[in-house]
Structures are given as structure tokens and as C-alpha cells.
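Below is one structure, written out as C-alpha cells, with a few remarks after it.
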Amino acid sequence: MSAISAALSAVLLVLLAVLVPLSSLSAWVDLEIDDTDRYVAAVSPLSSDPAVQATVADLVTEEAMRQIDLGPLQDTVREFLHETVRSFATTEAFRNAWDTANQAAHKAVKAGLDGDSGQAVTIDLAPVIDQVKQDLVRDGVPFADQIPVERTEITLLGPDQADELRSSFRWLRYCSIWPAVATLVLLVLVVGIATVRRGLRAGLWTTAVVGAGFVLGATVLRVLVAVGRNRVLDEVPGSDRDAAAAVVDALTASLRTTVWVVLAVGAVLLVGAVVARVLLGRRKAGRG
């Protein structure tokens with residue numbers, strides 16, 4: 001392999017290490033974060049997540065107990081109400097309330113990411129608390145009517161982290177799916193030109209480099225997702241951290257799936273092209 005070919009291969013690897021994460025992140029923002037139905041579908045299963053259920057139960061109980069003063073029975077009533085709310089959190093009514101809350105939350109998340117500096121990104125649990133209160137009152141649970149229905153937030157992004165991410169989200173939203181389209185067009189052209197101008201072996205070598213680039217790009221994307229998750233949760237209050245982690249993991253699940261898909265495609269291209277190139281070389285040697 002000539003020095004020029006080696007240099008071009010290195011450039012292609014670097015390009016893919018940048019383009020694969022960029023394409024994945026910009027498509028994720030456009031297709032999931034900006035789309036209400038996909039956003040709600042991503043976080044809907046969290047109504048069954050123990051961390052989310054525990055956070056809701058804690059918040060409802062604490063807000064209710066601020067309105068109740070029963071002296072020596074305070075702790076007993078607190079425990080009873082907490083367990084009752086935890087039990088309700090396993091019902092279909094709670095799941096419906098969670099979806100309703102997240103439809104409103106999606107607008108708040110988008111507004112928060114588009115908002116002014118110094119603003120945190122939060123989910124308001126008031127619709128969930130309202131549904132909890134209605135069902136507990138209907139079931140005759142003592143003191144349920146004293147549960148206040150007011151804005152009660154889970155912090156997803158602290159103000160400093162939100163400020164850091166706002167410009168990135170705006171840029172990724174602007175890019176939309178076009179980096180992914182441009183990446184695919186570029187790869188087809190590169191492989192096609194290499195094959196037409198320099199033959200099948202050169203085309204296979206370029207395909208192998210593309211496969212290696214996919215593997216490298218998928219690795220970079222996985223690292224970015226992991227680092228981003230840690231940085232996001234660094235500023236979340238301890239009481240909200242488990243629930244916020246569950247939400248972040250749910251919203252980035254498609255990115256983690258993309259990592260494995262791109263990694264698998266890259267491995268297939270890399271191994272397949274190398275094997276095909278070796279077999280082609282042996283066939284030519286046999287004919288010679």
C-alpha cells in the first residue's frame with residue numbers, strides 16, 4: 001500500500017470517527033427529542049421503573065405530610081400514605097397519568113433546551129400527583145384529600161449543564177438527518193471511485209477501511225453517551241438522581257442501540273472485505 005493510500009485511509013477513518021457520532025446525535029435530536037410521540041414512547045415504560053415510582057411516592061408523601069399534623073401518629077401516617085402511593089404507582093391509572101405528564105414535559109424540555117441561560121430542564125409531576133390524589137380520594141384513603149396539587153419538579157438538567165448543552169442541541173437540531181445522508185453518499189462515492197479507478201482489490205480495501213471507521217465511530221459515540229450521562233447527572237439533586245438517570249437512560253436507549261448496529265455493520269464490512277480481498281489474492285496467485 002502506497003503512502004498516499006495510507007494517508008487517504010487515515011483521513012477516512014478520522015472522518016468517520018467524527019461523522020458517525022454527529023450523524024447519530026443529530027438524527028436522535030430530530031427524530032426523538034423533537035418529536036412528542038417518540039419522546040413519550042421512549043419514557044412511557046418508566047412508569048414501571050422502581051426509581052421513578054419511589055421518587056413520585058416520596059414527593060407525594062412529603063407534600064401531603066406538610067399539610068398534616070397528627071403528633072405522635074405522624075410517622076405512622078407517613079408510612080401508610082407512602083406505601084399506598086407506591087401501590088398506586090403500579091396501576092394502569094398511574095401509567096396513564098405518567099404519559100399525560102410527559103406530553104406536557106416534552107414541551108417543557110424543548111422550551112428548556114431553547115430557553116435562556118441559567119434555567120434548569122425539569123419534568124413537572126403535577127398531572128401525576130393530581131391523578132394520584134383523585135384515585136386515593138375515590139378509594140377512601142385517609143388524608144388523601146389533603147395532598148396538594150402544585151408544580152412539583154424532577155430535575156433532568158441543572159442550569160449549568162443545560163447552558164452547556166443548549167448550543168449543541170440547537171446545532172444538532174439544525175443539522176437534522178442530513179449528516180447521516182451525507183455520510184452514506186460519501187461512502188458510496190469513495191468505495192465506488194476506488195473500485196472504478198483502481199480495481200476490485202482497492203474497492204475491497206476501501207470497504208475494509210469504512211468498516212473500521214464505523215467501528216471507531218460507534219466507539220466514539222458510546223463514549224460520548226456515557227460521558228454525557230455522567231455530566232448531566234452530576235448537577236442533578238440527590239433526591240432526583242435515580243429518577244433522572246432512568247429518564248436519561250430511556251431517552252438515550254436508541255443511541256445505545258445505534259452503537260451496536262453501527263458496530264455490527266462495521267465489523268461485517270471490515271471482516272467481509274478483508275476475507276474477500278484475501279480470497280481474491282489467492283485466486284489470482286493460483287491462476288498465476
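By order in the C-alpha cells, chains are A, B, ...; within a chain, residues start at 1; ligands start at 1, following the order shown.
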Item checked: Contact residues around Phe80 in chain A with only C-alpha atoms at 12 Å, ignoring same-chain residues under 2 positions, as a PyMOL selection string -> chain A and resi 57+61+64-65+73-78+82-87+141-144
Margin query: Need the shell around Ser254 in chain A: protein/DNA/RNA residues with any atom at most 10 Å away, counting only C-alpha atoms. Skip same-chain ones fewer than 2 positions apart. Format as an NGL selection string?
Written below: :A and (24 or 28 or 32 or 42 or 249-252 or 256-259)
Selected residues written out, N, CA and C atoms, as a short mmCIF file (atom, residue, chain, number, x, y, z; two decimals), in the first residue's frame:
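In the end it all went to part20.cif:
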data_model
loop_
_atom_site.label_atom_id
_atom_site.label_comp_id
_atom_site.auth_asym_id
_atom_site.auth_seq_id
_atom_site.Cartn_x
_atom_site.Cartn_y
_atom_site.Cartn_z
N SER A 24 -25.49 10.33 14.16
CA SER A 24 -26.36 9.65 15.11
C SER A 24 -27.01 10.65 16.06
N TRP A 28 -30.92 11.70 16.22
CA TRP A 28 -31.59 11.44 17.51
C TRP A 28 -32.35 12.67 17.99
N GLU A 32 -36.25 12.01 17.80
CA GLU A 32 -36.76 11.58 19.11
C GLU A 32 -36.97 12.74 20.07
N ALA A 42 -40.66 6.78 24.38
CA ALA A 42 -39.37 6.41 24.98
C ALA A 42 -39.45 6.38 26.50
N ASP A 249 -31.49 7.45 30.63
CA ASP A 249 -31.22 6.15 30.01
C ASP A 249 -32.31 5.78 29.00
N ALA A 250 -33.56 6.11 29.33
CA ALA A 250 -34.66 5.81 28.41
C ALA A 250 -34.53 6.64 27.13
N LEU A 251 -34.19 7.91 27.28
CA LEU A 251 -34.09 8.79 26.12
C LEU A 251 -32.88 8.47 25.25
N THR A 252 -31.84 7.90 25.83
CA THR A 252 -30.64 7.58 25.05
C THR A 252 -30.57 6.10 24.65
N ARG A 256 -27.83 4.03 22.18
CA ARG A 256 -27.05 2.84 22.52
C ARG A 256 -27.33 1.71 21.53
N THR A 257 -28.57 1.62 21.06
CA THR A 257 -28.89 0.64 20.02
C THR A 257 -28.14 0.96 18.74
N THR A 258 -28.09 2.25 18.40
CA THR A 258 -27.35 2.67 17.21
C THR A 258 -25.89 2.27 17.30
N VAL A 259 -25.31 2.40 18.49
CA VAL A 259 -23.91 2.00 18.68
C VAL A 259 -23.72 0.55 18.27
#
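Atom to atom, CA of Val132 in chain A and CA of Ala120 in chain A stand 25.7 Å apart.
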Next item on the list: Just the residues within 9 Å of Ile33 in chain A, please, counting only C-alpha atoms, with nothing from its chain fewer than 4 positions along; format it as a PyMOL selection string.
Entry: chain A and resi 28-29+38-39+106+109-110+251
If you count only C-alpha atoms, which residues fall within 8 Å of Ile154 in chain A, apart from same-chain ones fewer than 6 positions away, as a short mmCIF file (atom, residue, chain, number, x, y, z; two decimals) with N, CA and C atoms, in the first residue's frame?
data_model
loop_
_atom_site.label_atom_id
_atom_site.label_comp_id
_atom_site.auth_asym_id
_atom_site.auth_seq_id
_atom_site.Cartn_x
_atom_site.Cartn_y
_atom_site.Cartn_z
N THR A 122 -36.62 20.54 33.61
CA THR A 122 -37.32 19.76 34.61
C THR A 122 -38.56 19.07 34.03
N ILE A 123 -39.07 18.10 34.78
CA ILE A 123 -40.37 17.49 34.49
C ILE A 123 -41.30 17.84 35.64
N ASP A 124 -42.47 18.39 35.32
CA ASP A 124 -43.46 18.73 36.33
C ASP A 124 -44.36 17.52 36.57
N LEU A 125 -44.41 17.05 37.81
CA LEU A 125 -45.21 15.88 38.15
C LEU A 125 -46.62 16.23 38.63
N ASP A 240 -33.38 13.50 43.23
CA ASP A 240 -33.93 13.30 41.89
C ASP A 240 -33.05 12.41 41.03
N ALA A 243 -34.31 8.89 39.52
CA ALA A 243 -35.36 9.08 38.52
C ALA A 243 -34.80 9.76 37.27
N ALA A 244 -33.94 10.77 37.46
CA ALA A 244 -33.34 11.45 36.32
C ALA A 244 -32.48 10.49 35.50
#
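From CA of Val275 in chain A back to CA of Trp260 in chain A, the distance works out to 22.1 Å.
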Margin query: Considering only C-alpha atoms, can you say which of A:Thr207, A:Thr55, A:Thr195, A:Thr183 comes closest to Gly238 in chain A?
Written below: A:Thr55
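Proximity ranking of A:Ala27, A:Val20, A:Ala212, A:Ala264 relative to Leu172 in chain A places A:Ala27 first, based on only C-alpha atoms.
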Notebook entry, point to check: What's the 12 Å shell around range 229-233 of chain A, counting only C-alpha atoms, without same-chain residues fewer than 6 positions away, as a ChimeraX atom specification?
Noted result: /A:120-121,155-165,222-223,239-253,255-256
Next item on the list: Please identify all polymer residues within 7 Å of Ala97 in chain A, counting only C-alpha atoms, omitting same-chain residues fewer than 6 positions from it, and present them as a PyMOL selection string.
Entry: chain A and resi 127-128+131
Notebook entry, point to check: Hey, which of A:Ile147, A:Leu25, A:Ala202, A:Leu189 ends up closest to Ala273 in chain A? Count only C-alpha atoms.
Noted result: A:Ala202
